[in-house]
$ cat data_35.pdb   # PDB, C-alpha atoms
ATOM      1  CA  MET A   1     -28.309 -26.488  28.186
ATOM      2  CA  THR A   2     -25.085 -25.860  26.280
ATOM      3  CA  GLU A   3     -25.088 -23.679  23.217
ATOM      4  CA  LYS A   4     -24.268 -25.458  19.976
ATOM      5  CA  PRO A   5     -21.244 -24.137  18.101
ATOM      6  CA  ARG A   6     -22.376 -22.107  15.136
ATOM      7  CA  THR A   7     -21.575 -23.177  11.636
ATOM      8  CA  LEU A   8     -21.714 -20.766   8.731
ATOM      9  CA  SER A   9     -22.105 -21.595   5.085
ATOM     10  CA  ARG A  10     -19.231 -20.901   2.709
ATOM     11  CA  GLU A  11     -21.233 -18.143   1.020
ATOM     12  CA  THR A  12     -21.971 -16.467   4.363
ATOM     13  CA  LYS A  13     -18.287 -16.492   5.280
ATOM     14  CA  LYS A  14     -17.383 -14.960   1.929
ATOM     15  CA  VAL A  15     -20.021 -12.243   2.240
ATOM     16  CA  LEU A  16     -18.948 -11.448   5.812
ATOM     17  CA  SER A  17     -15.323 -11.204   4.681
ATOM     18  CA  GLU A  18     -16.310  -8.782   1.923
ATOM     19  CA  LEU A  19     -18.212  -6.792   4.530
ATOM     20  CA  GLY A  20     -15.090  -6.739   6.705
ATOM     21  CA  TYR A  21     -13.081  -5.194   3.862
ATOM     22  CA  TYR A  22     -15.911  -2.744   3.234
ATOM     23  CA  TYR A  23     -15.624  -1.565   6.857
ATOM     24  CA  ILE A  24     -11.852  -1.253   6.518
ATOM     25  CA  ASP A  25     -12.435   0.962   3.512
ATOM     26  CA  LYS A  26     -14.880   3.053   5.522
ATOM     27  CA  LYS A  27     -12.307   3.236   8.345
ATOM     28  CA  ASP A  28     -14.804   1.564  10.663
ATOM     29  CA  PHE A  29     -12.055  -0.595  12.094
ATOM     30  CA  ASP A  30     -13.958  -1.804  15.172
ATOM     31  CA  LYS A  31     -16.631  -3.437  13.029
ATOM     32  CA  ALA A  32     -14.064  -4.867  10.623
ATOM     33  CA  GLU A  33     -12.048  -6.283  13.516
ATOM     34  CA  ALA A  34     -15.176  -7.764  15.123
ATOM     35  CA  ILE A  35     -16.133  -9.514  11.889
ATOM     36  CA  PHE A  36     -12.724 -11.025  11.178
ATOM     37  CA  SER A  37     -12.132 -11.964  14.834
ATOM     38  CA  CYS A  38     -15.467 -13.795  15.033
ATOM     39  CA  LEU A  39     -14.825 -15.565  11.744
ATOM     40  CA  ALA A  40     -11.319 -16.599  12.848
ATOM     41  CA  ASN A  41     -12.698 -17.918  16.171
ATOM     42  CA  LEU A  42     -15.400 -19.900  14.425
ATOM     43  CA  ASP A  43     -13.229 -21.261  11.670
ATOM     44  CA  ASP A  44      -9.434 -21.329  11.494
ATOM     45  CA  GLN A  45      -9.007 -20.284   7.860
ATOM     46  CA  PRO A  46      -6.156 -18.096   6.520
ATOM     47  CA  ALA A  47      -8.495 -15.603   4.822
ATOM     48  CA  PHE A  48      -9.856 -14.420   8.178
ATOM     49  CA  TYR A  49      -6.358 -13.828   9.567
ATOM     50  CA  TYR A  50      -5.427 -11.949   6.395
ATOM     51  CA  GLY A  51      -8.478  -9.771   7.039
ATOM     52  CA  LEU A  52      -7.429  -9.108  10.635
ATOM     53  CA  VAL A  53      -3.872  -8.238   9.585
ATOM     54  CA  ASN A  54      -5.345  -5.838   7.027
ATOM     55  CA  VAL A  55      -7.435  -4.187   9.763
ATOM     56  CA  TYR A  56      -4.351  -3.516  11.912
ATOM     57  CA  PHE A  57      -2.346  -2.385   8.891
ATOM     58  CA  ALA A  58      -5.055   0.080   7.861
ATOM     59  CA  LYS A  59      -5.269   1.347  11.465
ATOM     60  CA  GLY A  60      -1.528   1.937  11.424
ATOM     61  CA  ASP A  61      -1.142  -0.576  14.268
ATOM     62  CA  HIS A  62       1.824  -2.275  12.613
ATOM     63  CA  LEU A  63       3.206  -3.880  15.793
ATOM     64  CA  HIS A  64      -0.090  -5.625  16.415
ATOM     65  CA  ALA A  65      -0.213  -6.718  12.766
ATOM     66  CA  ILE A  66       3.296  -8.210  13.023
ATOM     67  CA  ASP A  67       2.394 -10.023  16.269
ATOM     68  CA  LEU A  68      -0.628 -11.563  14.574
ATOM     69  CA  CYS A  69       1.482 -12.588  11.572
ATOM     70  CA  ARG A  70       4.001 -14.275  13.893
ATOM     71  CA  GLU A  71       1.224 -16.086  15.743
ATOM     72  CA  PHE A  72      -0.282 -17.302  12.486
ATOM     73  CA  LEU A  73       3.113 -18.341  11.080
ATOM     74  CA  GLY A  74       3.625 -20.496  14.193
ATOM     75  CA  GLN A  75       0.892 -22.752  12.850
ATOM     76  CA  HIS A  76       1.305 -22.117   9.110
ATOM     77  CA  PRO A  77       5.026 -21.456   8.598
ATOM     78  CA  ASP A  78       4.848 -21.674   4.788
ATOM     79  CA  ASP A  79       2.112 -19.104   4.254
ATOM     80  CA  GLY A  80       3.604 -16.684   1.719
ATOM     81  CA  LEU A  81       0.946 -13.981   1.881
ATOM     82  CA  ILE A  82       1.159 -13.575   5.651
ATOM     83  CA  GLN A  83       4.958 -13.275   5.337
ATOM     84  CA  ALA A  84       4.524 -10.586   2.674
ATOM     85  CA  TYR A  85       2.071  -8.745   4.952
ATOM     86  CA  MET A  86       4.583  -9.001   7.780
ATOM     87  CA  ALA A  87       7.303  -7.506   5.561
ATOM     88  CA  GLU A  88       4.959  -4.691   4.565
ATOM     89  CA  ASN A  89       4.300  -3.831   8.208
ATOM     90  CA  HIS A  90       8.045  -3.845   8.892
ATOM     91  CA  ILE A  91       8.440  -1.319   6.062
ATOM     92  CA  PHE A  92       5.925   0.972   7.746
ATOM     93  CA  LEU A  93       7.844   0.742  10.991
ATOM     94  CA  GLY A  94      10.964   1.793   9.094
ATOM     95  CA  GLN A  95      12.458  -1.687   9.582
ATOM     96  CA  ARG A  96      13.578  -1.987   6.000
ATOM     97  CA  ASP A  97      16.266  -4.628   6.618
ATOM     98  CA  GLN A  98      13.827  -7.038   8.247
ATOM     99  CA  ALA A  99      11.381  -6.433   5.419
ATOM    100  CA  ARG A 100      14.024  -6.979   2.751
ATOM    101  CA  ALA A 101      15.180 -10.242   4.358
ATOM    102  CA  ILE A 102      11.636 -11.642   4.377
ATOM    103  CA  LEU A 103      10.896 -10.476   0.834
ATOM    104  CA  ASN A 104      14.165 -11.775  -0.635
ATOM    105  CA  LYS A 105      13.506 -15.160   0.942
ATOM    106  CA  LEU A 106       9.967 -15.174  -0.453
ATOM    107  CA  ALA A 107      11.161 -14.117  -3.895
ATOM    108  CA  GLY A 108      13.277 -17.264  -4.096
ATOM    109  CA  GLN A 109      10.384 -19.532  -3.174
ATOM    110  CA  GLN A 110       7.520 -21.027  -5.110
ATOM    111  CA  THR A 111       4.439 -19.040  -4.047
ATOM    112  CA  GLU A 112       1.085 -18.079  -5.541
ATOM    113  CA  PRO A 113       1.223 -15.554  -8.426
ATOM    114  CA  GLU A 114      -0.559 -12.834  -6.433
ATOM    115  CA  VAL A 115       1.983 -13.237  -3.614
ATOM    116  CA  GLN A 116       4.883 -13.047  -6.083
ATOM    117  CA  GLU A 117       3.361  -9.890  -7.544
ATOM    118  CA  LEU A 118       3.079  -8.290  -4.101
ATOM    119  CA  VAL A 119       6.610  -9.373  -3.150
ATOM    120  CA  SER A 120       8.213  -8.008  -6.323
ATOM    121  CA  ASN A 121       6.375  -4.695  -5.991
ATOM    122  CA  LEU A 122       7.328  -4.341  -2.327
ATOM    123  CA  LEU A 123      10.976  -5.038  -3.202
ATOM    124  CA  GLN A 124      10.753  -2.419  -5.931
ATOM    125  CA  GLY A 125       9.243   0.007  -3.420
ATOM    126  CA  LEU A 126      12.159  -0.623  -1.050
ATOM    127  CA  GLU A 127      14.595   0.104  -3.888
ATOM    128  CA  GLN A 128      12.780   3.388  -4.498
ATOM    129  CA  GLY A 129      12.992   4.413  -0.849
ATOM    130  CA  LEU A 130       9.686   3.209   0.612
ATOM    131  CA  GLY A 131       9.925   3.211   4.399
ATOM    132  CA  ALA A 132      13.178   5.202   4.430
TER     133      ALA A 132
ATOM    134  CA  MET B   1     -16.966  -5.860  -4.298
ATOM    135  CA  LEU B   2     -13.766  -5.698  -2.303
ATOM    136  CA  GLN B   3     -12.864  -2.276  -1.056
ATOM    137  CA  GLY B   4     -10.843  -2.401   2.144
ATOM    138  CA  VAL B   5      -7.523  -2.995   0.473
ATOM    139  CA  GLU B   6      -7.742   0.303  -1.383
ATOM    140  CA  GLY B   7      -8.554   1.946   1.933
ATOM    141  CA  ASN B   8      -4.921   1.505   2.884
ATOM    142  CA  THR B   9      -3.786   3.842   0.122
ATOM    143  CA  SER B  10      -3.736   6.874   2.405
ATOM    144  CA  ASN B  11      -1.189   5.071   4.600
ATOM    145  CA  LEU B  12       1.095   4.567   1.647
ATOM    146  CA  VAL B  13       0.624   7.978   0.083
ATOM    147  CA  ASN B  14       1.291   9.774   3.379
ATOM    148  CA  SER B  15       4.614   8.059   3.726
ATOM    149  CA  LEU B  16       5.370   8.621   0.065
ATOM    150  CA  ASN B  17       5.144  12.369   0.426
ATOM    151  CA  LYS B  18       7.622  12.256   3.279
ATOM    152  CA  GLN B  19      10.072  10.204   1.274
ATOM    153  CA  SER B  20       9.981  11.835  -2.119
ATOM    154  CA  GLY B  21      12.099  14.827  -1.098
ATOM    155  CA  VAL B  22      10.214  17.029  -3.521
ATOM    156  CA  GLN B  23      10.321  20.591  -2.292
ATOM    157  CA  GLN B  24       7.244  22.751  -2.458
ATOM    158  CA  ASN B  25       7.309  24.988  -5.507
ATOM    159  CA  ASN B  26       6.654  28.507  -4.362
ATOM    160  CA  MET B  27       5.504  29.760  -7.761
ATOM    161  CA  SER B  28       2.376  31.845  -7.220
ATOM    162  CA  ASN B  29      -0.784  31.470  -9.250
ATOM    163  CA  GLU B  30      -0.181  34.892 -10.831
ATOM    164  CA  LYS B  31       3.287  33.918 -12.004
ATOM    165  CA  PHE B  32       1.981  30.636 -13.313
ATOM    166  CA  GLN B  33      -0.835  32.428 -15.147
ATOM    167  CA  ALA B  34       1.695  34.852 -16.662
ATOM    168  CA  ILE B  35       3.805  31.961 -17.933
ATOM    169  CA  LEU B  36       0.723  30.248 -19.286
ATOM    170  CA  ASN B  37      -0.275  33.421 -21.139
ATOM    171  CA  GLU B  38       3.183  33.679 -22.717
ATOM    172  CA  VAL B  39       3.053  30.055 -23.794
ATOM    173  CA  GLU B  40      -0.432  30.460 -25.256
ATOM    174  CA  LYS B  41       0.622  33.506 -27.266
ATOM    175  CA  GLY B  42       2.713  31.586 -29.727
ATOM    176  CA  ASP B  43       5.047  28.762 -30.517
ATOM    177  CA  MET B  44       7.677  28.389 -27.843
ATOM    178  CA  SER B  45      10.284  25.700 -27.591
ATOM    179  CA  ALA B  46      10.608  23.632 -24.433
ATOM    180  CA  GLY B  47      13.877  25.423 -23.713
ATOM    181  CA  GLU B  48      12.202  28.814 -23.933
ATOM    182  CA  VAL B  49       9.425  27.688 -21.611
ATOM    183  CA  GLY B  50      12.052  26.361 -19.194
ATOM    184  CA  GLY B  51      13.895  29.681 -19.347
ATOM    185  CA  LEU B  52      10.676  31.553 -18.659
ATOM    186  CA  ILE B  53       9.976  29.364 -15.629
ATOM    187  CA  ASN B  54      13.538  29.860 -14.388
ATOM    188  CA  THR B  55      13.224  33.626 -14.720
ATOM    189  CA  SER B  56       9.858  33.705 -12.945
ATOM    190  CA  THR B  57      10.788  31.421 -10.068
ATOM    191  CA  GLY B  58      14.402  32.390  -9.632
ATOM    192  CA  MET B  59      15.421  28.738  -9.977
ATOM    193  CA  SER B  60      18.764  27.867 -11.468
ATOM    194  CA  ASN B  61      19.007  25.173 -14.113
ATOM    195  CA  ALA B  62      20.582  22.849 -11.560
ATOM    196  CA  GLN B  63      17.710  23.415  -9.123
ATOM    197  CA  TYR B  64      15.226  22.912 -11.941
ATOM    198  CA  LEU B  65      16.871  19.595 -12.885
ATOM    199  CA  GLN B  66      16.929  18.579  -9.232
ATOM    200  CA  LEU B  67      13.212  19.266  -8.940
ATOM    201  CA  GLN B  68      12.542  17.403 -12.180
ATOM    202  CA  ASN B  69      14.555  14.430 -10.898
ATOM    203  CA  ALA B  70      12.726  14.392  -7.557
ATOM    204  CA  MET B  71       9.366  14.580  -9.323
ATOM    205  CA  GLN B  72      10.353  11.698 -11.575
ATOM    206  CA  LYS B  73      11.306   9.606  -8.542
ATOM    207  CA  GLN B  74       8.013  10.482  -6.883
ATOM    208  CA  THR B  75       6.071   9.418  -9.983
ATOM    209  CA  GLN B  76       7.925   6.092 -10.054
ATOM    210  CA  LEU B  77       7.153   5.492  -6.397
ATOM    211  CA  TYR B  78       3.476   6.391  -6.966
ATOM    212  CA  ASN B  79       3.351   3.800  -9.743
ATOM    213  CA  THR B  80       4.952   1.173  -7.523
ATOM    214  CA  ILE B  81       2.514   1.939  -4.705
ATOM    215  CA  SER B  82      -0.358   1.687  -7.135
ATOM    216  CA  ASN B  83       0.940  -1.749  -8.180
ATOM    217  CA  ILE B  84       1.276  -2.763  -4.511
ATOM    218  CA  MET B  85      -2.357  -1.784  -3.930
ATOM    219  CA  LYS B  86      -3.461  -3.801  -6.960
ATOM    220  CA  ALA B  87      -1.492  -6.832  -5.775
ATOM    221  CA  ARG B  88      -2.969  -6.530  -2.249
ATOM    222  CA  HIS B  89      -6.448  -6.315  -3.727
ATOM    223  CA  GLN B  90      -5.841  -9.378  -5.893
ATOM    224  CA  ALA B  91      -4.406 -11.338  -2.958
ATOM    225  CA  ALA B  92      -7.394 -10.524  -0.731
ATOM    226  CA  GLN B  93      -9.848 -11.425  -3.493
ATOM    227  CA  THR B  94      -8.152 -14.765  -4.079
ATOM    228  CA  ALA B  95      -8.180 -15.466  -0.328
ATOM    229  CA  ILE B  96     -11.928 -14.817  -0.180
ATOM    230  CA  GLN B  97     -12.528 -17.040  -3.193
ATOM    231  CA  ASN B  98     -10.572 -19.826  -1.466
ATOM    232  CA  ILE B  99     -12.743 -19.746   1.661
ATOM    233  CA  LYS B 100     -14.117 -23.235   2.329
TER     234      LYS B 100
END
$ encode --input "data_35.pdb" --output "structure tokens"
Amino acid sequence: MTEKPRTLSRETKKVLSELGYYYIDKKDFDKAEAIFSCLANLDDQPAFYYGLVNVYFAKGDHLHAIDLCREFLGQHPDDGLIQAYMAENHIFLGQRDQARAILNKLAGQQTEPEVQELVSNLLQGLEQGLGA
Amino acid sequence: MLQGVEGNTSNLVNSLNKQSGVQQNNMSNEKFQAILNEVEKGDMSAGEVGGLINTSTGMSNAQYLQLQNAMQKQTQLYNTISNIMKARHQAAQTAIQNIK
């Protein structure tokens, strides 16, 4: 007998995502990673990848975060938030030029307001010496 | 309630302290208390307070200005980091709301 693939309701996915961020906040990264990995395997939605990138960022595993961003961008090349996250991880690796190139490109594009806000603040941070 | 994004603050603040270039002020608590007592005694101008600090810490005016400048830069960077954290929080919240 084969096991049926699980389906989760929208509300359940939202609550589990909130729980994932709660675990990040508590620095319980294994649980946070398990939640977002399972969600991403069940359902290929950007929010779950954002969560996973946030787990690696919070762990300080910036190389892993960048790899995941690249993988995601292979399928969703226009995703502004994942590009901003990638730039942020470059900053924390001291790769300010790579970060600036991504952010300047994003700044000239039409993206969601929250992405624009993050991009402009990261650019400002670079100007002020963040990651130097 | 979305908390994980704020959890990254320590990452940012740690790096901030490395970058600010602000030197540790070696003024002891006793010296600080003495300055505070002088200030509390009566009306003192900002210049007089500055002079008192310079005398107590052995800092020259140039060093004092340098410290002030570094502290100002650090404050600006703190504000930017705070705005980055807010923007990250907002982005994560929006992403969760958009889950299908």
$ interface_residues --input "data_35.pdb" --of "chain A" --to "chain B" --cutoff "8 Å" --atoms "only C-alpha atoms" --output "mmCIF file with C-alpha atoms, in the frame of the given file"
data_model
loop_
_atom_site.group_PDB
_atom_site.id
_atom_site.type_symbol
_atom_site.label_atom_id
_atom_site.label_comp_id
_atom_site.auth_asym_id
_atom_site.auth_seq_id
_atom_site.Cartn_x
_atom_site.Cartn_y
_atom_site.Cartn_z
ATOM 1 C CA ARG A 10 -19.231 -20.901 2.709
ATOM 2 C CA LYS A 13 -18.287 -16.492 5.280
ATOM 3 C CA LYS A 14 -17.383 -14.960 1.929
ATOM 4 C CA SER A 17 -15.323 -11.204 4.681
ATOM 5 C CA GLU A 18 -16.310 -8.782 1.923
ATOM 6 C CA GLY A 20 -15.090 -6.739 6.705
ATOM 7 C CA TYR A 21 -13.081 -5.194 3.862
ATOM 8 C CA TYR A 22 -15.911 -2.744 3.234
ATOM 9 C CA TYR A 23 -15.624 -1.565 6.857
ATOM 10 C CA ILE A 24 -11.852 -1.253 6.518
ATOM 11 C CA ASP A 25 -12.435 0.962 3.512
ATOM 12 C CA LYS A 26 -14.880 3.053 5.522
ATOM 13 C CA LYS A 27 -12.307 3.236 8.345
ATOM 14 C CA GLN A 45 -9.007 -20.284 7.860
ATOM 15 C CA PRO A 46 -6.156 -18.096 6.520
ATOM 16 C CA ALA A 47 -8.495 -15.603 4.822
ATOM 17 C CA TYR A 50 -5.427 -11.949 6.395
ATOM 18 C CA GLY A 51 -8.478 -9.771 7.039
ATOM 19 C CA ASN A 54 -5.345 -5.838 7.027
ATOM 20 C CA PHE A 57 -2.346 -2.385 8.891
ATOM 21 C CA ALA A 58 -5.055 0.080 7.861
ATOM 22 C CA GLY A 60 -1.528 1.937 11.424
ATOM 23 C CA LEU A 81 0.946 -13.981 1.881
ATOM 24 C CA GLU A 114 -0.559 -12.834 -6.433
ATOM 25 C CA VAL A 115 1.983 -13.237 -3.614
ATOM 26 C CA GLU A 117 3.361 -9.890 -7.544
ATOM 27 C CA LEU A 118 3.079 -8.290 -4.101
ATOM 28 C CA ASN A 121 6.375 -4.695 -5.991
ATOM 29 C CA LEU A 122 7.328 -4.341 -2.327
ATOM 30 C CA GLN A 124 10.753 -2.419 -5.931
ATOM 31 C CA GLY A 125 9.243 0.007 -3.420
ATOM 32 C CA GLN A 128 12.780 3.388 -4.498
ATOM 33 C CA GLY A 129 12.992 4.413 -0.849
ATOM 34 C CA LEU A 130 9.686 3.209 0.612
ATOM 35 C CA GLY A 131 9.925 3.211 4.399
ATOM 36 C CA ALA A 132 13.178 5.202 4.430
#
$ atom_distance --input "data_35.pdb" --atom1 "CA of Val15 in chain A" --atom2 "CA of Val119 in chain A"
27.3 Å
$ atom_distance --input "data_35.pdb" --atom1 "CA of Glu48 in chain B" --atom2 "CA of Ile35 in chain B"
10.8 Å
$ atom_distance --input "data_35.pdb" --atom1 "CA of Asp44 in chain A" --atom2 "CA of Ile82 in chain A"
14.4 Å
$ residues_around --input "data_35.pdb" --residues "Gln95 in chain A" --least-positions-apart "6" --cutoff "12 Å" --atoms "all atoms listed in the file" --output "PyMOL selection string"
chain A and resi 62-63+66+86-89+101-102+126+130-132
$ closest_residue --input "data_35.pdb" --among "A:Leu123, A:Ala40, A:Ile91, A:Leu8" --to "Leu68 in chain A" --atoms "only C-alpha atoms"
A:Ala40
$ resolve_selection --input "data_35.pdb" --expression "the PyMOL selection byres ((chain A and resi 35) around 9)" --output "list in words"
Leu16, Ser17, Leu19, Gly20, Asp30, Lys31, Ala32, Glu33, Ala34, Phe36, Ser37, Cys38, Leu39, Ala40, Phe48 and Leu52 of chain A
$ decode --input "data_35.pdb" --residues "range 107-121 of chain A" --atoms "N, CA and C atoms" --output "short mmCIF file (atom, residue, chain, number, x, y, z; two decimals), in the first residue's frame"
data_model
loop_
_atom_site.label_atom_id
_atom_site.label_comp_id
_atom_site.auth_asym_id
_atom_site.auth_seq_id
_atom_site.Cartn_x
_atom_site.Cartn_y
_atom_site.Cartn_z
N ALA A 107 17.28 47.76 -7.09
CA ALA A 107 16.76 49.12 -6.85
C ALA A 107 16.18 49.73 -8.11
N GLY A 108 16.69 49.30 -9.26
CA GLY A 108 16.19 49.84 -10.53
C GLY A 108 15.02 49.04 -11.10
N GLN A 109 14.56 48.06 -10.35
CA GLN A 109 13.46 47.23 -10.84
C GLN A 109 12.17 47.50 -10.08
N GLN A 110 11.08 47.07 -10.68
CA GLN A 110 9.78 47.18 -10.02
C GLN A 110 9.62 45.96 -9.11
N THR A 111 9.68 46.18 -7.79
CA THR A 111 9.48 45.05 -6.86
C THR A 111 8.48 45.47 -5.78
N GLU A 112 8.12 44.52 -4.95
CA GLU A 112 7.14 44.79 -3.89
C GLU A 112 7.70 45.85 -2.93
N PRO A 113 6.81 46.64 -2.31
CA PRO A 113 7.28 47.72 -1.41
C PRO A 113 8.19 47.23 -0.29
N GLU A 114 7.87 46.06 0.28
CA GLU A 114 8.70 45.58 1.40
C GLU A 114 10.10 45.18 0.92
N VAL A 115 10.18 44.74 -0.35
CA VAL A 115 11.50 44.40 -0.91
C VAL A 115 12.28 45.69 -1.17
N GLN A 116 11.60 46.70 -1.72
CA GLN A 116 12.26 47.99 -1.97
C GLN A 116 12.81 48.58 -0.67
N GLU A 117 12.00 48.45 0.38
CA GLU A 117 12.40 48.98 1.69
C GLU A 117 13.68 48.27 2.18
N LEU A 118 13.68 46.95 2.05
CA LEU A 118 14.85 46.17 2.48
C LEU A 118 16.07 46.54 1.63
N VAL A 119 15.86 46.65 0.33
CA VAL A 119 16.97 46.97 -0.59
C VAL A 119 17.55 48.34 -0.26
N SER A 120 16.69 49.34 -0.08
CA SER A 120 17.22 50.69 0.17
C SER A 120 17.95 50.75 1.51
N ASN A 121 17.45 50.02 2.50
CA ASN A 121 18.14 50.03 3.80
C ASN A 121 19.47 49.27 3.75
#
